[in-house]
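Enquirer: Mind having a look at this structure? Questions to follow.
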Amino acid sequence: MDNLLVKMKAQHIDFFYGKHHALKNINLSIAENKVTAIIGPSGCGKSTFIRLLNRMNELVPHTKLTGSIFLDNEDILAPGVDPVDIRRRVGMVFQKPNPFPKNIFENISYGLNVNGVKNKQVIEERVVGSLKKAALWEEVKDRLHDSALRLSGGQQQRLCIARCLAIQPEVLLFDEPCASLDPISTRKIEELIFELKKDYTIAIVTHNMQQAARVSDYTGFFLLGDLIEFDRTENIFKAPHDPRTEDYITGRFG
Amino acid sequence: MQRHFDEELLKLKTDILSMAALVDEAILVSVEALKNLDESKAKQVIADDRKIDEMELAIEERSLSLLAQQQPMAIDLRFITMAMHIITDLERMADLAVDIAQRVVEISDKPLLKPLIDIPRLAVVAQKMIQDAIQAFLSRDAELARKVIFSDADADQLRNAVQQELINEYMIKDPKAISRAVSLLLIARHLERICDHATNIAEDVIYMVNAEVVKHHPERL
């Protein structure tokens with residue numbers, strides 16, 4: 001994959017919900033400090049796949065996973081690996097913003113406390129730093145002790161991003177992060193993703209093809225549990241190799 | 001799944017076909033005007049060029065609207081962007097037909113310097129190249145497009161033959177013939193440029209069909 005560093009790599013991933021073979025022999029690399037988009041129609045396995053990258057699938061009963069997922073050179077599925085540590089290094093932002101029912105400051109400091117950060121000054125620096133990185137600081141700096149639930153949808157989503165950033169992840173996973181946001185908030189999040197990729201590796205699941213085209217460097221197209229095609233985003237959208245990819249991105253899918 | 005967008009794309013194709021037909025006609029009539037030294041026919045070509053210019057503008061505007069509103073991808077994106085290139089080449093061909101007509105007006109008050117042999121041959125090559133290039137565009141036929149590109153060599157050869165003959169057999173031997181010889185030489189040049197534009201269209205068709213860039217890279221053919 002060009003001459004880039006690979007941050008995460010899925011190898012021979014098969015995943016089952018009960019008897020349903022939801023992911024079939026997936027092999028995919030996520031490049032460091034790049035944005036990789038995962039696209040495909042409903043039920044193709046894209047959300048299922050991205051949740052494997054920080055072992056969120058383990059919260060779902062009656063599932064089976066085989067294969068390896070490497071974070072740098074370490075298989076995160078190997079016995080003895082702490083999933084909580086993986087989820088700190090690989091953070092996740094969900095479709096519906098899910099701030100804690102606490103104030104803005106505490107939404108971020110909570111994660112730091114849980115991760116053993118006790119020093120008040122360090123906590124304050126990290127809260128301010130992550131709010132700035134999430135492009136939310138200017139909007140909330142005078143009301144850090146207001147309830148997070150009073151923020152708008154777009155602001156709540158940026159708070160969730162700040163919450164991830166505070167515990168210093170290496171990878172950020174976005175599962176349809178703008179699906180419940182208005183166009184302006186969506187654009188703000190997309191601009192934020194451009195900025196964030198300088199320091200983090202990003203994977204994003206989206207059903208919005210124009211968003212995938214705008215925001216990502218690499219795109220993978222999933223269909224019925226298979227990875228059909230994976231390439232630089234500009235190639236996928238200018239001249240895809242597989243006719244199924246072309247049918248999907250041109251809207252001929254019926 | 002049939003898309004409303006497909007109707008729009010079909011309309012774009014039809015409009016380009018209509019424009020190509022007018023261009024083809026303009027070249028045919030300008031060469032007819034030359035053969036018969038028909039000044040009024042030549043002036044008709046010059047007057048009719050306006051219609052072709054208007055078609056270029058209308059198709060370009062429609063293409064931009066489709067890009068803005070439909071955010072086309074892949075084959076649709078390549079089709080619309082290449083369509084925009086192709087109408088530019090068609091419009092330039094029509095301008096060259098006007099140039100031929102203007103040369104005819106310049107020489108129509110005297111008899112032809114010599115019987116026309118290679119110039120009509122060159123005109124036939126040009127018309128075949130345009131027709132094949134447009135057919136390749138309509139049928140998405142990259143092989144036919146390649147044939148068009150290769151036949152450009154014939155056009156260059158004919159143009160060179162006309163040039164050699166006019167210089168060596170007429171201009172050097174009789175200074176009074178120079179003015180008419182230059183007009184004929186220019187007509188050959190205009191026809192050869194028409195062939196170059198047909199080649200451009202063929203290169204764009206190959207990109208549209210295969211996403212392969214052969215423009216400026218003949219070694220890739």
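Chain labels run A, B, ... following the order of the structure tokens; each chain numbers its residues from 1, and ligands are numbered from 1 in the order shown.
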Find the nearest atom pair between each residue of chain B and chain A for residues within 10 Å, count only C-alpha atoms, give distances in Å to one decimal, sort rows by chain and ascending number, and present the table as JSON lines.
Expert:
```
{"residue": "B:Met1", "atom": "CA", "partner": "A:Gly254", "partner_atom": "CA", "distance": 4.8}
{"residue": "B:Gln2", "atom": "CA", "partner": "A:Arg252", "partner_atom": "CA", "distance": 6.9}
{"residue": "B:Arg3", "atom": "CA", "partner": "A:Arg252", "partner_atom": "CA", "distance": 7.2}
{"residue": "B:Phe5", "atom": "CA", "partner": "A:Gly251", "partner_atom": "CA", "distance": 9.8}
{"residue": "B:Asp6", "atom": "CA", "partner": "A:Arg252", "partner_atom": "CA", "distance": 9.9}
{"residue": "B:Gln70", "atom": "CA", "partner": "A:Thr250", "partner_atom": "CA", "distance": 9.8}
{"residue": "B:Gln71", "atom": "CA", "partner": "A:Gln210", "partner_atom": "CA", "distance": 7.8}
{"residue": "B:Pro72", "atom": "CA", "partner": "A:Thr250", "partner_atom": "CA", "distance": 6.7}
{"residue": "B:Met73", "atom": "CA", "partner": "A:Phe237", "partner_atom": "CA", "distance": 5.5}
{"residue": "B:Ala74", "atom": "CA", "partner": "A:Lys238", "partner_atom": "CA", "distance": 4.2}
{"residue": "B:Ile75", "atom": "CA", "partner": "A:Ala239", "partner_atom": "CA", "distance": 6.8}
{"residue": "B:Asp76", "atom": "CA", "partner": "A:Thr250", "partner_atom": "CA", "distance": 7.4}
{"residue": "B:Leu77", "atom": "CA", "partner": "A:Lys238", "partner_atom": "CA", "distance": 7.0}
{"residue": "B:Arg78", "atom": "CA", "partner": "A:Lys238", "partner_atom": "CA", "distance": 7.2}
{"residue": "B:Tyr207", "atom": "CA", "partner": "A:Ala239", "partner_atom": "CA", "distance": 9.9}
{"residue": "B:Met208", "atom": "CA", "partner": "A:Ala239", "partner_atom": "CA", "distance": 9.4}
{"residue": "B:Val209", "atom": "CA", "partner": "A:Ala239", "partner_atom": "CA", "distance": 9.6}
{"residue": "B:Asn210", "atom": "CA", "partner": "A:Ala239", "partner_atom": "CA", "distance": 8.1}
{"residue": "B:Ala211", "atom": "CA", "partner": "A:Ala239", "partner_atom": "CA", "distance": 6.2}
{"residue": "B:Glu212", "atom": "CA", "partner": "A:Ala239", "partner_atom": "CA", "distance": 9.5}
```
Enquirer: May I have the residues from that selection written out with N, CA and C atoms, as a PDB file, in the first residue's frame?
Expert:
```pdb
ATOM      1  N   MET B   1     -30.697  -0.548 -11.579  1.00  0.00           N
ATOM      2  CA  MET B   1     -31.736   0.444 -11.239  1.00  0.00           C
ATOM      3  C   MET B   1     -31.650   1.623 -12.212  1.00  0.00           C
ATOM      4  N   GLN B   2     -32.754   1.941 -12.872  1.00  0.00           N
ATOM      5  CA  GLN B   2     -32.766   3.077 -13.790  1.00  0.00           C
ATOM      6  C   GLN B   2     -32.745   4.365 -12.990  1.00  0.00           C
ATOM      7  N   ARG B   3     -31.943   5.333 -13.447  1.00  0.00           N
ATOM      8  CA  ARG B   3     -31.871   6.575 -12.714  1.00  0.00           C
ATOM      9  C   ARG B   3     -32.384   7.696 -13.602  1.00  0.00           C
ATOM     10  N   PHE B   5     -31.015  10.374 -13.716  1.00  0.00           N
ATOM     11  CA  PHE B   5     -29.741  10.875 -14.212  1.00  0.00           C
ATOM     12  C   PHE B   5     -29.401  10.259 -15.571  1.00  0.00           C
ATOM     13  N   ASP B   6     -29.795   9.005 -15.812  1.00  0.00           N
ATOM     14  CA  ASP B   6     -29.490   8.359 -17.098  1.00  0.00           C
ATOM     15  C   ASP B   6     -30.180   9.066 -18.254  1.00  0.00           C
ATOM     16  N   GLN B  70     -25.500  16.480  -9.433  1.00  0.00           N
ATOM     17  CA  GLN B  70     -25.528  15.025  -9.309  1.00  0.00           C
ATOM     18  C   GLN B  70     -24.295  14.438  -8.636  1.00  0.00           C
ATOM     19  N   GLN B  71     -23.263  15.241  -8.486  1.00  0.00           N
ATOM     20  CA  GLN B  71     -21.973  14.736  -7.952  1.00  0.00           C
ATOM     21  C   GLN B  71     -21.625  13.362  -8.560  1.00  0.00           C
ATOM     22  N   PRO B  72     -21.512  13.315  -9.869  1.00  0.00           N
ATOM     23  CA  PRO B  72     -21.279  12.018 -10.503  1.00  0.00           C
ATOM     24  C   PRO B  72     -19.935  11.422 -10.134  1.00  0.00           C
ATOM     25  N   MET B  73     -19.874  10.100 -10.178  1.00  0.00           N
ATOM     26  CA  MET B  73     -18.649   9.380  -9.850  1.00  0.00           C
ATOM     27  C   MET B  73     -18.246   8.477 -10.999  1.00  0.00           C
ATOM     28  N   ALA B  74     -16.973   8.056 -10.987  1.00  0.00           N
ATOM     29  CA  ALA B  74     -16.459   7.002 -11.867  1.00  0.00           C
ATOM     30  C   ALA B  74     -16.859   7.244 -13.330  1.00  0.00           C
ATOM     31  N   ILE B  75     -17.482   6.263 -13.944  1.00  0.00           N
ATOM     32  CA  ILE B  75     -17.758   6.334 -15.381  1.00  0.00           C
ATOM     33  C   ILE B  75     -18.591   7.571 -15.742  1.00  0.00           C
ATOM     34  N   ASP B  76     -19.541   7.922 -14.890  1.00  0.00           N
ATOM     35  CA  ASP B  76     -20.373   9.097 -15.156  1.00  0.00           C
ATOM     36  C   ASP B  76     -19.539  10.369 -15.096  1.00  0.00           C
ATOM     37  N   LEU B  77     -18.637  10.441 -14.129  1.00  0.00           N
ATOM     38  CA  LEU B  77     -17.757  11.600 -13.990  1.00  0.00           C
ATOM     39  C   LEU B  77     -16.856  11.717 -15.204  1.00  0.00           C
ATOM     40  N   ARG B  78     -16.273  10.589 -15.619  1.00  0.00           N
ATOM     41  CA  ARG B  78     -15.364  10.617 -16.770  1.00  0.00           C
ATOM     42  C   ARG B  78     -16.136  10.968 -18.039  1.00  0.00           C
ATOM     43  N   TYR B 207      -9.849   7.530 -22.438  1.00  0.00           N
ATOM     44  CA  TYR B 207      -9.848   7.822 -20.999  1.00  0.00           C
ATOM     45  C   TYR B 207     -11.229   7.546 -20.396  1.00  0.00           C
ATOM     46  N   MET B 208     -12.252   7.958 -21.111  1.00  0.00           N
ATOM     47  CA  MET B 208     -13.616   7.771 -20.619  1.00  0.00           C
ATOM     48  C   MET B 208     -13.933   6.292 -20.417  1.00  0.00           C
ATOM     49  N   VAL B 209     -13.520   5.473 -21.379  1.00  0.00           N
ATOM     50  CA  VAL B 209     -13.867   4.044 -21.323  1.00  0.00           C
ATOM     51  C   VAL B 209     -12.992   3.278 -20.332  1.00  0.00           C
ATOM     52  N   ASN B 210     -11.658   3.511 -20.418  1.00  0.00           N
ATOM     53  CA  ASN B 210     -10.716   2.692 -19.646  1.00  0.00           C
ATOM     54  C   ASN B 210     -10.016   3.396 -18.496  1.00  0.00           C
ATOM     55  N   ALA B 211     -10.254   4.703 -18.357  1.00  0.00           N
ATOM     56  CA  ALA B 211      -9.492   5.513 -17.397  1.00  0.00           C
ATOM     57  C   ALA B 211      -8.002   5.449 -17.697  1.00  0.00           C
ATOM     58  N   GLU B 212      -7.687   5.291 -18.998  1.00  0.00           N
ATOM     59  CA  GLU B 212      -6.284   5.187 -19.414  1.00  0.00           C
ATOM     60  C   GLU B 212      -5.895   6.502 -20.095  1.00  0.00           C
TER      61      GLU B 212
END
```
Enquirer: Please provide the set of residues having any atom within 6 Å of B:Met129, restricted to only C-alpha atoms, with same-chain residues fewer than 3 positions apart removed, written as an mmCIF file with N, CA and C atoms, in the first residue's frame.
Expert:
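Saved to out21.cif:
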```cif
data_model
loop_
_atom_site.group_PDB
_atom_site.id
_atom_site.type_symbol
_atom_site.label_atom_id
_atom_site.label_comp_id
_atom_site.auth_asym_id
_atom_site.auth_seq_id
_atom_site.Cartn_x
_atom_site.Cartn_y
_atom_site.Cartn_z
ATOM 1 N N ALA B 126 -10.228 13.327 -42.967
ATOM 2 C CA ALA B 126 -10.716 14.115 -41.824
ATOM 3 C C ALA B 126 -12.142 13.710 -41.459
ATOM 4 N N ASP B 132 -15.640 8.371 -37.038
ATOM 5 C CA ASP B 132 -15.213 7.241 -36.205
ATOM 6 C C ASP B 132 -15.008 7.669 -34.756
ATOM 7 N N ALA B 133 -14.461 8.860 -34.537
ATOM 8 C CA ALA B 133 -14.234 9.331 -33.170
ATOM 9 C C ALA B 133 -15.567 9.492 -32.447
ATOM 10 N N VAL B 148 -8.559 5.643 -34.858
ATOM 11 C CA VAL B 148 -8.600 7.063 -35.232
ATOM 12 C C VAL B 148 -7.240 7.704 -34.985
ATOM 13 N N ALA B 198 -9.753 15.518 -34.073
ATOM 14 C CA ALA B 198 -10.418 14.205 -34.036
ATOM 15 C C ALA B 198 -9.595 13.239 -33.184
#
```
Enquirer: Could you give me, as a list of chain:residue names, the residues within 9 Å of B:Val213, counting only C-alpha atoms and dropping anything in the same chain fewer than 5 positions from it?
Expert: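 In the requested format, the answer is B:Glu203, B:Asp204, B:Ile206, B:Tyr207, B:Arg220.
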Enquirer: Got time to write the residues from that selection, N, CA and C atoms, as a tab-separated table (two decimals), in the first residue's frame?
Expert:
```
chain	number	residue	atom	x	y	z
B	203	GLU	N	-8.61	10.26	-27.99
B	203	GLU	CA	-7.84	10.09	-26.74
B	203	GLU	C	-8.77	10.24	-25.53
B	204	ASP	N	-9.68	11.20	-25.61
B	204	ASP	CA	-10.62	11.40	-24.51
B	204	ASP	C	-11.57	10.21	-24.38
B	206	ILE	N	-10.84	7.11	-25.02
B	206	ILE	CA	-10.09	6.04	-24.35
B	206	ILE	C	-10.06	6.28	-22.85
B	207	TYR	N	-9.85	7.53	-22.44
B	207	TYR	CA	-9.85	7.82	-21.00
B	207	TYR	C	-11.23	7.55	-20.40
B	220	ARG	N	1.83	4.58	-25.11
B	220	ARG	CA	0.89	3.74	-24.34
B	220	ARG	C	-0.17	3.08	-25.23
```
Enquirer: Might you pull out every residue within 9 Å of B:Val104, with only C-alpha atoms counted and same-chain residues fewer than 5 positions away left off, and present them as JSON, numbers by chain?
Expert: {"B": [30, 31, 33, 34, 37, 38, 39, 42, 99, 183, 184, 187]}
Enquirer: Could you save those same residues with C-alpha atoms as a PDB file, in the first residue's frame?
Expert:
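Result went into out01.pdb, see below:
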```
ATOM      1  CA  SER B  30     -16.467  24.194 -47.046  1.00  0.00           C
ATOM      2  CA  VAL B  31     -14.627  21.603 -49.186  1.00  0.00           C
ATOM      3  CA  ALA B  33     -17.241  25.342 -51.834  1.00  0.00           C
ATOM      4  CA  LEU B  34     -13.541  24.976 -52.584  1.00  0.00           C
ATOM      5  CA  LEU B  37     -15.047  27.988 -56.034  1.00  0.00           C
ATOM      6  CA  ASP B  38     -18.499  28.779 -54.671  1.00  0.00           C
ATOM      7  CA  GLU B  39     -18.241  31.996 -52.678  1.00  0.00           C
ATOM      8  CA  ALA B  42     -18.384  29.511 -48.321  1.00  0.00           C
ATOM      9  CA  ASP B  99     -11.037  29.214 -41.936  1.00  0.00           C
ATOM     10  CA  SER B 183      -4.332  29.739 -49.688  1.00  0.00           C
ATOM     11  CA  LEU B 184      -4.362  26.081 -50.771  1.00  0.00           C
ATOM     12  CA  ILE B 187      -6.521  24.852 -46.468  1.00  0.00           C
TER      13      ILE B 187
END
```
Enquirer: List as a list in words the protein and nucleic acid residues near B:Tyr170, meaning an atom at most 12 Å away when only C-alpha atoms are counted, but skip any in the same chain fewer than 4 places from it.
Expert: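 Counting only C-alpha atoms, the residues come to Leu113, Lys114, Val162, Gln163, Gln164, Glu165, Leu166, Asp174, Pro175, Lys176, Ala177, Ile178, Ser179, Arg180, Ala181, Val182, Leu184 and Leu185 of chain B.
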Enquirer: Just the residues within 10 Å of stretch 41-43 of chain A, please, counting only C-alpha atoms, with nothing from its chain fewer than 5 positions along; format it as number ranges by chain.
Expert: A: 22, 48, 206-207, 221-225, 248, 253
Enquirer: Give me a file of those residues, with N, CA and C atoms, as a short mmCIF file (atom, residue, chain, number, x, y, z; two decimals), in the first residue's frame.
Expert:
```cif
data_model
loop_
_atom_site.label_atom_id
_atom_site.label_comp_id
_atom_site.auth_asym_id
_atom_site.auth_seq_id
_atom_site.Cartn_x
_atom_site.Cartn_y
_atom_site.Cartn_z
N ALA A 22 -20.97 -12.85 8.95
CA ALA A 22 -21.09 -11.42 8.68
C ALA A 22 -19.87 -10.80 8.01
N THR A 48 -19.83 -3.59 11.72
CA THR A 48 -19.31 -4.79 12.39
C THR A 48 -17.79 -4.79 12.33
N THR A 206 -19.03 5.32 6.82
CA THR A 206 -20.03 6.29 6.42
C THR A 206 -20.90 5.74 5.31
N HIS A 207 -22.18 6.08 5.36
CA HIS A 207 -23.05 5.69 4.25
C HIS A 207 -23.19 6.85 3.28
N PHE A 221 -14.58 -0.84 0.00
CA PHE A 221 -16.00 -1.07 -0.30
C PHE A 221 -16.37 -2.48 0.13
N PHE A 222 -17.32 -2.57 1.06
CA PHE A 222 -17.81 -3.85 1.57
C PHE A 222 -19.16 -4.17 0.95
N LEU A 223 -19.39 -5.46 0.72
CA LEU A 223 -20.69 -5.89 0.20
C LEU A 223 -20.96 -7.30 0.74
N LEU A 224 -22.07 -7.45 1.47
CA LEU A 224 -22.48 -8.75 2.01
C LEU A 224 -21.33 -9.48 2.72
N GLY A 225 -20.57 -8.72 3.50
CA GLY A 225 -19.52 -9.35 4.30
C GLY A 225 -18.19 -9.51 3.60
N TYR A 248 -22.32 0.62 -7.11
CA TYR A 248 -22.69 1.21 -5.81
C TYR A 248 -22.45 2.71 -5.81
N PHE A 253 -27.10 0.72 -7.90
CA PHE A 253 -27.51 -0.34 -6.99
C PHE A 253 -28.99 -0.30 -6.79
#
```
Enquirer: Would you please give, as a ChimeraX atom specification, all residues of stretch 89-200 of chain A that DSSP assigns to helix (DSSP H, G or I) based on the backbone?
Expert: /A:89,104-114,120-133,137-140,148-150,153-166,183-196
Enquirer: So that I can check the surroundings of stretch 20-22 of chain B, please list as a list in words every protein, DNA and RNA residue that reaches within 10 Å of it, counting only C-alpha atoms and ignoring chain neighbours fewer than 5 positions away.
Expert: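 Once the adjacent positions are removed, what remains is Thr14, Asp15, Ile27, Leu28, Asp48, Asp49, Lys51, Ile52, Met55, Ile86, Ile87, Leu90, Glu91, Met93, Ala94, Ile130, Gln131 and Ile134 of chain B.
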Enquirer: Include C-alpha atoms and write out the residues we just selected as a short mmCIF file (atom, residue, chain, number, x, y, z; two decimals), in the first residue's frame.
Expert:
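Saved as result.cif:
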```cif
data_model
loop_
_atom_site.label_atom_id
_atom_site.label_comp_id
_atom_site.auth_asym_id
_atom_site.auth_seq_id
_atom_site.Cartn_x
_atom_site.Cartn_y
_atom_site.Cartn_z
CA THR B 14 -27.76 13.27 -28.21
CA ASP B 15 -26.81 16.95 -28.07
CA ILE B 27 -16.41 20.73 -43.21
CA LEU B 28 -18.19 18.99 -46.10
CA ASP B 48 -23.72 28.99 -39.74
CA ASP B 49 -20.77 28.79 -37.33
CA LYS B 51 -25.14 27.97 -34.24
CA ILE B 52 -22.28 25.60 -33.42
CA MET B 55 -24.45 24.59 -28.97
CA ILE B 86 -14.99 16.89 -26.81
CA ILE B 87 -17.30 19.83 -27.46
CA LEU B 90 -15.75 20.05 -32.08
CA GLU B 91 -16.07 23.81 -31.82
CA MET B 93 -13.06 21.97 -35.88
CA ALA B 94 -16.00 24.18 -36.89
CA ILE B 130 -14.49 12.62 -37.04
CA GLN B 131 -17.21 10.09 -37.75
CA ILE B 134 -17.85 10.24 -32.50
#
```
Enquirer: How far is it from atom CA of B:Arg140 to atom CA of B:Ala153, in Å with one decimal?
Expert: 23.1 Å
Enquirer: Under the rule that only C-alpha atoms are counted, which of A:Ile108, A:Ala10, A:Ile204, A:Cys44 is the nearest residue to A:Ile161?
Expert: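 Smallest distance to A:Ile161 is found for A:Ile108.
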Enquirer: Would you list, as a PyMOL selection string, the residues of stretch 13-254 of chain A that end up in strand (DSSP E or B) under DSSP run on this structure's backbone?
Expert: chain A and resi 13-17+20-31+35-39+63-71+74-75+90-93+103+147+171-175+201-205+218-223+226-232
Enquirer: Save out the residues we just selected, C-alpha atoms, as a PDB file, in the first residue's frame.
Expert:
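Writing the result to out.pdb gives the following:
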```
ATOM      1  CA  ILE A  13     -10.897 -11.908   9.694  1.00  0.00           C
ATOM      2  CA  ASP A  14     -14.060 -14.026   9.791  1.00  0.00           C
ATOM      3  CA  PHE A  15     -16.901 -12.942  12.036  1.00  0.00           C
ATOM      4  CA  PHE A  16     -20.206 -14.651  12.842  1.00  0.00           C
ATOM      5  CA  TYR A  17     -23.366 -13.438  14.521  1.00  0.00           C
ATOM      6  CA  HIS A  20     -24.680 -15.633  10.103  1.00  0.00           C
ATOM      7  CA  HIS A  21     -21.301 -15.179   8.422  1.00  0.00           C
ATOM      8  CA  ALA A  22     -21.093 -11.415   8.677  1.00  0.00           C
ATOM      9  CA  LEU A  23     -17.464 -10.872   7.632  1.00  0.00           C
ATOM     10  CA  LYS A  24     -15.653 -13.159   5.198  1.00  0.00           C
ATOM     11  CA  ASN A  25     -11.876 -13.407   5.150  1.00  0.00           C
ATOM     12  CA  ILE A  26     -11.254  -9.689   5.473  1.00  0.00           C
ATOM     13  CA  ASN A  27      -7.707  -8.486   4.871  1.00  0.00           C
ATOM     14  CA  LEU A  28      -7.267  -4.750   5.153  1.00  0.00           C
ATOM     15  CA  SER A  29      -4.592  -2.294   6.295  1.00  0.00           C
ATOM     16  CA  ILE A  30      -5.190   1.079   7.916  1.00  0.00           C
ATOM     17  CA  ALA A  31      -2.403   3.542   7.122  1.00  0.00           C
ATOM     18  CA  VAL A  35      -8.147   8.583   6.902  1.00  0.00           C
ATOM     19  CA  THR A  36      -9.535   5.257   5.731  1.00  0.00           C
ATOM     20  CA  ALA A  37     -13.219   5.188   4.839  1.00  0.00           C
ATOM     21  CA  ILE A  38     -15.341   2.053   4.876  1.00  0.00           C
ATOM     22  CA  ILE A  39     -18.391   2.249   2.629  1.00  0.00           C
ATOM     23  CA  THR A  63     -20.537 -14.027  18.165  1.00  0.00           C
ATOM     24  CA  LYS A  64     -17.384 -15.718  16.871  1.00  0.00           C
ATOM     25  CA  LEU A  65     -14.248 -14.081  15.546  1.00  0.00           C
ATOM     26  CA  THR A  66     -11.234 -15.706  13.884  1.00  0.00           C
ATOM     27  CA  GLY A  67      -8.138 -14.097  12.427  1.00  0.00           C
ATOM     28  CA  SER A  68      -5.795 -11.389  13.677  1.00  0.00           C
ATOM     29  CA  ILE A  69      -5.929  -7.659  14.122  1.00  0.00           C
ATOM     30  CA  PHE A  70      -2.609  -5.936  14.519  1.00  0.00           C
ATOM     31  CA  LEU A  71      -2.108  -2.598  16.214  1.00  0.00           C
ATOM     32  CA  GLU A  74       0.796  -6.533  18.295  1.00  0.00           C
ATOM     33  CA  ASP A  75      -2.215  -8.802  17.715  1.00  0.00           C
ATOM     34  CA  VAL A  90      -8.144   2.982  19.780  1.00  0.00           C
ATOM     35  CA  GLY A  91     -10.968   5.385  20.582  1.00  0.00           C
ATOM     36  CA  MET A  92     -14.450   5.354  19.133  1.00  0.00           C
ATOM     37  CA  VAL A  93     -17.036   7.986  18.228  1.00  0.00           C
ATOM     38  CA  ASN A 103     -20.922  18.734  33.011  1.00  0.00           C
ATOM     39  CA  SER A 147     -24.368  20.125  31.635  1.00  0.00           C
ATOM     40  CA  VAL A 171      -6.312   5.598  16.441  1.00  0.00           C
ATOM     41  CA  LEU A 172      -9.785   7.141  16.171  1.00  0.00           C
ATOM     42  CA  LEU A 173     -12.716   5.137  14.846  1.00  0.00           C
ATOM     43  CA  PHE A 174     -15.759   7.021  13.622  1.00  0.00           C
ATOM     44  CA  ASP A 175     -18.963   5.060  13.050  1.00  0.00           C
ATOM     45  CA  THR A 201      -4.814   7.454  12.481  1.00  0.00           C
ATOM     46  CA  ILE A 202      -8.469   7.566  11.493  1.00  0.00           C
ATOM     47  CA  ALA A 203     -10.984   5.050  10.207  1.00  0.00           C
ATOM     48  CA  ILE A 204     -14.503   6.163   9.371  1.00  0.00           C
ATOM     49  CA  VAL A 205     -17.605   4.233   8.439  1.00  0.00           C
ATOM     50  CA  TYR A 218      -8.220   5.356   1.274  1.00  0.00           C
ATOM     51  CA  THR A 219     -11.597   3.695   0.795  1.00  0.00           C
ATOM     52  CA  GLY A 220     -12.720   0.115   1.248  1.00  0.00           C
ATOM     53  CA  PHE A 221     -16.003  -1.071  -0.302  1.00  0.00           C
ATOM     54  CA  PHE A 222     -17.811  -3.848   1.569  1.00  0.00           C
ATOM     55  CA  LEU A 223     -20.689  -5.895   0.199  1.00  0.00           C
ATOM     56  CA  ASP A 226     -16.849  -9.274   1.587  1.00  0.00           C
ATOM     57  CA  LEU A 227     -14.254  -6.571   1.003  1.00  0.00           C
ATOM     58  CA  ILE A 228     -14.793  -6.016  -2.727  1.00  0.00           C
ATOM     59  CA  GLU A 229     -12.238  -3.322  -3.381  1.00  0.00           C
ATOM     60  CA  PHE A 230      -9.722  -1.221  -1.478  1.00  0.00           C
ATOM     61  CA  ASP A 231      -7.725   1.616  -3.025  1.00  0.00           C
ATOM     62  CA  ARG A 232      -6.785   5.259  -2.814  1.00  0.00           C
TER      63      ARG A 232
END
```
Enquirer: Taking only residues of stretch 53-133 of chain A that have an atom at most 10 Å from an atom of stretch 152-160 of chain A, what is each one's shortest atom pair and its distance in Å to one decimal, using only C-alpha atoms, in chain and number order, as a Markdown table?
Expert:
```
| residue | atom | partner | partner_atom | distance |
| --- | --- | --- | --- | --- |
| A:Met92 | CA | A:Cys160 | CA | 8.8 |
| A:Val93 | CA | A:Cys160 | CA | 6.5 |
| A:Phe94 | CA | A:Gln157 | CA | 8.5 |
| A:Gln95 | CA | A:Gln157 | CA | 8.8 |
| A:Lys96 | CA | A:Gln157 | CA | 7.9 |
| A:Pro97 | CA | A:Gln157 | CA | 4.9 |
| A:Asn98 | CA | A:Cys160 | CA | 6.9 |
| A:Pro99 | CA | A:Cys160 | CA | 6.2 |
| A:Phe100 | CA | A:Cys160 | CA | 9.1 |
| A:Ile104 | CA | A:Leu159 | CA | 7.7 |
| A:Phe105 | CA | A:Leu159 | CA | 9.7 |
| A:Asn107 | CA | A:Leu159 | CA | 8.0 |
| A:Ile108 | CA | A:Leu159 | CA | 8.0 |
| A:Ser130 | CA | A:Leu159 | CA | 8.9 |
| A:Leu131 | CA | A:Leu159 | CA | 7.1 |
| A:Lys133 | CA | A:Arg158 | CA | 9.5 |
```
Enquirer: So how far away is atom CA of A:Arg163 from atom CA of A:Cys178, in Å?
Expert: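 According to the coordinates, atom CA of A:Cys178 and atom CA of A:Arg163 are separated by 16.9 Å.
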Enquirer: What does the distance from atom CA of B:Ile59 to atom CA of B:Met84 come to in Å, to one decimal?
Expert: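 Pair atom CA of B:Ile59 / atom CA of B:Met84 returns 7.7 Å.
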